[in-house]
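> Just query_31.cif, nothing more (mmCIF, C-alpha atoms):
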data_protein
#
loop_
_atom_site.label_atom_id
_atom_site.label_comp_id
_atom_site.auth_asym_id
_atom_site.auth_seq_id
_atom_site.Cartn_x
_atom_site.Cartn_y
_atom_site.Cartn_z
CA MET A 174 131.59 117.07 -4.44
CA THR A 175 131.32 113.61 -2.90
CA ILE A 176 130.44 113.19 0.75
CA PRO A 177 131.77 109.98 2.37
CA VAL A 178 128.78 107.99 3.62
CA THR A 179 129.67 104.28 3.44
CA ARG A 180 131.82 102.59 6.07
CA GLU A 181 134.52 101.91 3.48
CA GLU A 182 134.63 105.57 2.44
CA ILE A 183 134.78 106.72 6.06
CA ILE A 184 137.62 104.26 6.77
CA ARG A 185 139.58 105.70 3.86
CA VAL A 186 139.11 109.19 5.27
CA GLY A 187 140.28 108.12 8.72
CA ALA A 188 143.31 106.30 7.32
CA ARG A 189 144.74 109.67 6.29
CA PHE A 190 145.13 110.97 9.85
CA PRO A 191 146.89 109.73 13.01
CA SER A 192 144.46 109.13 15.85
CA GLU A 193 146.58 111.29 18.15
CA ALA A 194 146.16 114.26 15.79
CA ILE A 195 142.39 113.71 15.63
CA VAL A 196 142.18 113.65 19.44
CA ALA A 197 144.28 116.82 19.72
CA GLU A 198 141.98 118.64 17.28
CA ILE A 199 138.88 117.44 19.13
CA ASP A 200 140.40 118.77 22.36
CA ARG A 201 140.93 122.14 20.71
CA LEU A 202 137.41 122.40 19.30
CA LEU A 203 135.29 120.95 22.12
CA PRO A 204 135.46 123.93 24.51
CA ILE A 205 134.86 126.36 21.64
CA ALA A 206 131.84 124.39 20.43
CA ALA A 207 130.46 124.06 23.95
CA GLU A 208 130.64 127.83 24.38
CA ASP A 209 128.95 128.44 21.00
CA GLN A 210 126.46 125.57 21.20
CA ALA A 211 123.35 127.68 20.73
CA LEU A 212 124.75 129.38 17.63
CA LEU A 213 125.91 126.03 16.24
CA GLU A 214 122.50 124.45 16.78
CA ALA A 215 120.93 127.31 14.85
CA GLY A 216 123.20 126.41 11.93
CA GLY A 217 122.39 122.69 12.04
CA TYR A 218 125.16 121.34 14.27
CA GLY A 219 123.09 120.01 17.14
CA ALA A 220 123.91 118.78 20.62
CA GLU A 221 123.78 115.15 19.45
CA LEU A 222 126.71 115.80 17.07
CA LEU A 223 128.73 117.39 19.85
CA ASP A 224 127.99 114.39 22.08
CA ALA A 225 129.09 112.09 19.25
CA LEU A 226 132.38 113.98 18.99
CA ARG A 227 132.96 113.52 22.72
CA ALA A 228 132.23 109.81 22.32
CA HIS A 229 134.69 109.53 19.43
CA ARG A 230 137.36 111.11 21.59
CA ALA A 231 136.73 108.67 24.42
CA THR A 232 136.90 105.70 22.06
CA LEU A 233 140.07 106.90 20.34
CA THR A 234 141.82 107.55 23.65
CA THR A 235 141.07 104.01 24.83
CA GLU A 236 141.78 102.37 21.47
CA THR A 237 145.12 104.06 20.94
CA ALA A 238 146.29 102.88 24.38
CA GLU A 239 145.13 99.36 23.53
CA ARG A 240 146.85 99.53 20.15
CA ARG A 241 150.15 100.44 21.78
CA ALA A 242 149.85 97.36 23.99
CA GLN A 243 148.90 95.22 20.99
CA ARG A 244 151.89 96.44 19.02
CA GLY A 245 154.12 95.30 21.87
CA GLN A 246 152.48 91.88 21.88
CA LYS A 247 152.82 91.56 18.08
CA LYS A 248 156.48 92.51 18.22
CA SER A 249 156.96 89.76 20.78
CA ALA A 250 155.12 87.27 18.54
CA ARG A 251 157.26 88.23 15.55
CA LYS A 252 160.42 87.84 17.62
CA SER A 253 159.27 84.38 18.78
CA GLU A 254 158.73 83.29 15.18
CA THR A 255 162.08 84.71 14.09
CA ASP A 256 163.85 82.96 16.95
CA ALA A 257 162.14 79.67 16.02
CA ILE A 258 163.20 80.04 12.39
CA VAL A 259 166.79 80.76 13.40
CA GLU A 260 166.80 77.65 15.61
CA ALA A 261 165.18 75.55 12.86
CA LYS A 262 167.91 76.65 10.44
CA ARG A 263 170.52 75.46 12.93
CA VAL A 264 168.73 72.12 13.13
CA LEU A 265 168.62 71.95 9.33
CA ARG A 266 172.36 72.56 9.04
CA ALA A 267 173.07 69.97 11.73
CA GLY A 268 170.87 67.43 9.98
CA ILE A 269 172.57 68.07 6.63
CA ALA A 270 176.02 67.69 8.25
CA MET A 271 175.00 64.38 9.81
CA ALA A 272 173.62 63.09 6.49
CA GLU A 273 176.74 64.15 4.59
CA GLY A 274 178.89 62.39 7.18
CA ALA A 275 176.75 59.29 6.87
CA ILE A 276 177.31 59.23 3.10
CA ALA A 277 181.04 59.89 3.35
CA HIS A 278 181.61 57.19 5.97
CA ARG A 279 179.05 54.63 4.85
CA VAL A 280 180.39 51.11 4.96
CA PRO A 281 178.77 49.18 2.09
CA PRO A 282 177.88 45.52 2.55
CA ALA A 283 180.60 43.13 1.34
CA ASP A 284 178.49 41.94 -1.56
CA GLU A 285 177.39 45.43 -2.75
CA PRO A 286 178.59 46.25 -6.29
CA PRO A 287 180.64 49.47 -6.63
CA GLU A 288 178.06 50.95 -9.02
CA THR A 289 175.37 50.48 -6.36
CA THR A 290 177.54 52.20 -3.76
CA LYS A 291 178.07 55.10 -6.15
CA ARG A 292 174.38 55.34 -7.04
CA ILE A 293 173.34 55.43 -3.39
CA ALA A 294 175.78 58.26 -2.70
CA ILE A 295 174.60 60.22 -5.75
CA ASP A 296 170.92 59.76 -4.89
CA VAL A 297 171.34 60.80 -1.27
CA MET A 298 173.48 63.82 -2.18
CA ALA A 299 170.90 64.88 -4.77
CA ALA A 300 168.23 64.80 -2.06
CA LEU A 301 170.44 66.91 0.19
CA GLU A 302 171.23 69.44 -2.54
CA ALA A 303 167.50 70.17 -2.77
CA THR A 304 167.70 71.55 0.78
CA GLY A 305 170.24 74.23 -0.18
CA GLY A 306 169.71 77.88 -1.12
CA ARG A 307 168.36 80.95 0.69
CA ILE A 308 165.48 80.59 3.11
CA ASP A 309 165.42 83.99 4.86
CA LEU A 310 162.29 84.02 7.06
CA ASP A 311 160.19 81.74 4.81
CA SER A 312 158.90 79.19 7.32
CA ALA A 313 157.05 77.18 4.63
CA LYS A 314 160.26 76.72 2.64
CA LEU A 315 162.11 75.85 5.84
CA ARG A 316 159.55 73.17 6.76
CA THR A 317 159.90 71.60 3.30
CA ARG A 318 163.67 71.41 3.61
CA LEU A 319 163.54 70.04 7.13
CA ALA A 320 161.17 67.32 5.91
CA ALA A 321 163.60 66.45 3.11
CA VAL A 322 166.49 66.16 5.58
CA ALA A 323 164.38 64.01 7.90
CA ALA A 324 163.62 61.68 4.99
CA VAL A 325 167.33 61.39 4.12
CA LEU A 326 168.31 60.71 7.73
CA GLY A 327 165.63 58.03 7.93
CA SER A 328 166.72 56.36 4.69
CA ALA A 329 167.65 52.70 5.03
CA SER A 330 170.44 53.17 2.50
CA ILE A 331 172.49 55.20 5.01
CA ALA A 332 171.24 53.56 8.21
CA PRO A 333 173.81 53.98 10.98
CA ALA A 334 175.65 51.23 12.78
CA GLU A 335 174.42 50.21 16.23
CA SER A 336 176.68 52.75 17.91
CA GLY A 337 175.20 55.63 15.91
CA ARG A 338 171.51 54.81 16.11
CA ALA A 339 170.76 56.87 19.22
CA ALA A 340 172.37 60.00 17.76
CA ARG A 341 170.54 59.53 14.45
CA ALA A 342 167.20 59.06 16.21
CA ALA A 343 167.82 62.16 18.35
CA MET A 344 168.63 64.24 15.26
CA ILE A 345 165.47 63.08 13.45
CA ALA A 346 163.47 63.97 16.57
CA ARG A 347 165.00 67.47 16.59
CA VAL A 348 164.12 67.93 12.93
CA GLN A 349 160.54 66.74 13.46
CA ALA A 350 160.14 69.04 16.47
CA ALA A 351 161.25 72.02 14.36
CA ILE A 352 158.80 71.04 11.62
CA THR A 353 155.96 70.80 14.13
CA ALA A 354 156.70 74.16 15.76
CA LEU A 355 156.90 76.27 12.60
CA PRO A 356 153.31 75.85 11.26
CA ALA A 357 151.83 76.85 14.62
CA LEU A 358 153.99 79.96 14.76
CA ALA A 359 153.18 80.84 11.15
CA GLU A 360 149.44 80.53 11.84
CA GLU A 361 149.75 82.69 14.94
CA LYS A 362 151.46 85.36 12.82
CA LYS A 363 148.71 85.19 10.17
CA ALA A 364 146.04 85.48 12.87
CA ALA A 365 147.84 88.48 14.35
CA GLN A 366 148.03 90.11 10.90
CA ARG A 367 144.31 89.53 10.28
CA GLN A 368 143.48 90.96 13.70
CA ALA A 369 145.75 93.94 13.04
CA LEU A 370 143.85 94.73 9.84
CA THR A 371 140.53 94.47 11.66
CA ASP A 372 141.80 96.68 14.48
CA THR A 373 143.18 99.22 12.01
CA ASP A 374 139.89 99.42 10.11
CA ALA A 375 137.93 99.93 13.33
CA LEU A 376 140.24 102.71 14.47
CA ASP A 377 140.32 104.35 11.03
CA GLU A 378 136.52 104.34 10.98
CA ILE A 379 136.39 106.28 14.27
CA ASP A 380 139.09 108.65 13.01
CA GLY A 381 137.04 109.18 9.84
CA ARG A 382 133.77 109.78 11.66
CA ALA A 383 135.46 112.21 14.06
CA TYR A 384 137.08 114.07 11.17
CA LEU A 385 133.80 114.39 9.26
CA ASN A 386 132.05 115.54 12.45
CA MET A 387 134.68 118.24 12.98
CA LYS A 388 134.50 119.24 9.33
CA THR A 389 130.77 119.88 9.77
CA LEU A 390 131.39 121.67 13.08
CA THR A 391 133.97 124.05 11.64
CA LYS A 392 131.96 124.76 8.51
CA VAL A 393 128.82 125.57 10.50
CA GLY A 394 130.73 127.61 13.09
CA ARG A 395 132.54 129.60 10.45
CA THR A 396 129.42 130.43 8.40
CA GLN A 397 127.42 131.30 11.51
CA TRP A 398 130.01 133.72 12.86
CA ILE A 399 130.53 135.30 9.46
CA ALA A 400 126.77 135.85 9.34
CA GLU A 401 127.03 137.41 12.81
CA GLY A 402 129.67 139.81 11.49
CA ASP A 403 132.54 138.37 13.57
CA PRO A 404 135.25 137.13 11.17
CA LYS A 405 137.78 136.83 14.00
CA ARG A 406 135.62 134.29 15.83
CA ALA A 407 134.81 132.64 12.51
CA ALA A 408 138.53 132.08 11.90
CA VAL A 409 138.72 129.90 15.00
CA TYR A 410 136.54 127.37 13.15
CA THR A 411 139.25 126.15 10.81
CA LEU A 412 140.44 122.52 10.87
CA GLN A 413 144.08 122.38 11.93
CA LEU A 414 144.77 118.87 10.66
CA ARG A 415 147.35 117.70 8.17
CA GLU A 416 147.31 114.38 6.40
CA GLU A 417 150.22 112.40 7.79
CA ARG A 418 149.20 108.91 6.66
CA ALA A 419 148.91 107.96 3.00
CA PRO A 420 145.33 106.96 2.13
CA ARG A 421 144.83 103.24 1.52
CA THR A 422 143.41 102.01 -1.75
CA LYS A 423 140.80 99.96 0.09
CA PRO A 424 140.04 98.91 3.66
CA GLY A 425 142.20 96.10 4.96
CA THR A 426 145.21 96.77 2.71
CA ASP A 427 148.27 98.89 3.19
CA ALA A 428 149.05 101.74 0.84
#
Represent the structure of the file as structure tokens.

Amino acid sequence: MTIPVTREEIIRVGARFPSEAIVAEIDRLLPIAAEDQALLEAGGYGAELLDALRAHRATLTTETAERRAQRGQKKSARKSETDAIVEAKRVLRAGIAMAEGAIAHRVPPADEPPETTKRIAIDVMAALEATGGRIDLDSAKLRTRLAAVAAVLGSASIAPAESGRAARAAMIARVQAAITALPALAEEKKAAQRQALTDTDALDEIDGRAYLNMKTLTKVGRTQWIAEGDPKRAAVYTLQLREERAPRTKPGTDA
């Protein structure tokens, strides 16, 4: 039989149980243990362990409330990133449409050979074709394609006439703004994910320590009351917890 003693082992234990279930079981056992404290101490479950269990409950109650608030904030952050990606895709499509129109309606210089005109159109369309395909919510891929469109729009080979320069400049500015916004949002999401893993580990550790404390409490209480010849009271000292979360393979990763 292996007893969890390292932080990593304790986290893995805690990851198996919802914090709310741990708190509910603590609430069930605390008054029983307080009533039987002298008998428990005689079996090795001292007052300091009971105090630790009370402390675990206090921490879990606070942490779970904080986690609910954090989940709301993270949902908002994810929505902000999704909204930015949707808007950036619109900008990408608008930029592609403008570039395609510029190719289709380009007026070549009078002295430009037909083969040059054709080559310019082929080269620019090839650059645009590289911006096609699915993007989904891949902000890195979206930034790459936006940059490619910005380069096409800024190409001297399809420079607009005087009347179209303002619109072209405004489109390039929109594309650059989308490129600038996406990395910041992606980094915020990564930071939120890293913080979520840290928060989850901290909470799982408390869940694990509380569970192991209660496991000791129930084992001592049960053996003590059996020794006292009271199996009915001994039966009260049975953990009423079910595993509702799959154990993780290691701290900081999802199962």
> Decode the PyMOL selection byres ((chain A and resi 351) around 12) for the given file into explicit residues and return them as a ChimeraX atom specification.
/A:254,256-265,268,312-313,315-320,322-323,344-350,352-358
> What does the distance from CA of Ala400 (chain A) to CA of Leu223 (chain A) come to in Å, to one decimal?
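CA of Leu223 (chain A) lies 21.3 Å from CA of Ala400 (chain A).
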> Choose the residue, out of A:Asp209, A:Ile195, A:Ile176, A:Ala275, that has the smallest atom-to-atom separation from Thr234 (chain A); count all atoms listed in the file.
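For Thr234 (chain A), the nearest of the given residues is A:Ile195.
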> Considering all atoms listed in the file, can you say which of A:Thr304, A:Lys314, A:Arg279, A:Asp284 comes closest to Ala334 (chain A)?
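Nearest to Ala334 (chain A): A:Arg279.
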> Extending 5 Å beyond the listed atoms of region 326-332 of chain A on each side, what axis-aligned box results? I want centre and edge lengths in Å to one decimal, as lines of an AutoDock Vina configuration file.

center_x = 169.1
center_y = 56.7
center_z = 5.4
size_x = 16.9
size_y = 18.0
size_z = 15.7
> Which one is closest to Ala300 (chain A): A:Ala283, A:Ala231, A:Ala188, A:Ala324? Count all atoms listed in the file.
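Closest candidate: A:Ala324.
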> Counting all atoms listed in the file, which of A:Val409, A:Ile399, A:Leu390, A:Val186 gets nearest to Leu226 (chain A)?
A:Leu390
> Please evaluate the PyMOL selection byres ((chain A and resi 177) around 12) against the displayed coordinates and give the resulting residues as a list in words.
Met174, Thr175, Ile176, Val178, Thr179, Arg180, Glu181, Glu182, Ile183, Ile184, Arg185, Val186, Gly187, Glu378, Gly381, Arg382, Tyr384, Leu385, Asn386 and Lys388 of chain A
> I need the output of the PyMOL selection byres ((chain A and resi 415) around 9) for this file as a ChimeraX atom specification; which residues are they?
/A:189-190,194,412-414,416-417
> Between A:Val325, A:Asp224, A:Glu285, A:Thr255, which has the minimum distance to Leu310 (chain A) (counting all atoms listed in the file)?
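Nearest candidate to Leu310 (chain A) out of A:Val325, A:Asp224, A:Glu285, A:Thr255: A:Thr255.
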> Compile the contact shell of Ile331 (chain A) as an MDAnalysis selection string: residues with an atom at most 9 Å away, counting only C-alpha atoms, same-chain residues fewer than 5 positions apart removed.
chainID A and resid 272 275:276 279:280 293:294 297 325:326
> Around (136.4, 130.8, 12.7) in the file's own coordinates, what residues are found within 10 Å if you use all atoms listed in the file, given back as a compact mmCIF listing (two decimals) with C-alpha atoms, keeping the file's coordinate frame?

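Contents of the output file selection.txt:
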# COMPACT_ATOMS: atom_id res chain seq x y z
CA THR A 391 133.97 124.05 11.64
CA LYS A 392 131.96 124.76 8.51
CA VAL A 393 128.82 125.57 10.50
CA GLY A 394 130.73 127.61 13.09
CA ARG A 395 132.54 129.60 10.45
CA THR A 396 129.42 130.43 8.40
CA GLN A 397 127.42 131.30 11.51
CA TRP A 398 130.01 133.72 12.86
CA ILE A 399 130.53 135.30 9.46
CA ASP A 403 132.54 138.37 13.57
CA PRO A 404 135.25 137.13 11.17
CA LYS A 405 137.78 136.83 14.00
CA ARG A 406 135.62 134.29 15.83
CA ALA A 407 134.81 132.64 12.51
CA ALA A 408 138.53 132.08 11.90
CA VAL A 409 138.72 129.90 15.00
CA TYR A 410 136.54 127.37 13.15
CA THR A 411 139.25 126.15 10.81
CA LEU A 412 140.44 122.52 10.87
> Which residue, A:Ala303, A:Met387, A:Ala207, A:Ile295, has the smallest gap to Arg230 (chain A) when you use all atoms listed in the file?
A:Met387
> Would you work out the distance separating CA of Asp377 (chain A) from CA of His229 (chain A), expressed in Å to one decimal?
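So the two atoms, CA of Asp377 (chain A) and CA of His229 (chain A), lie 11.4 Å apart.
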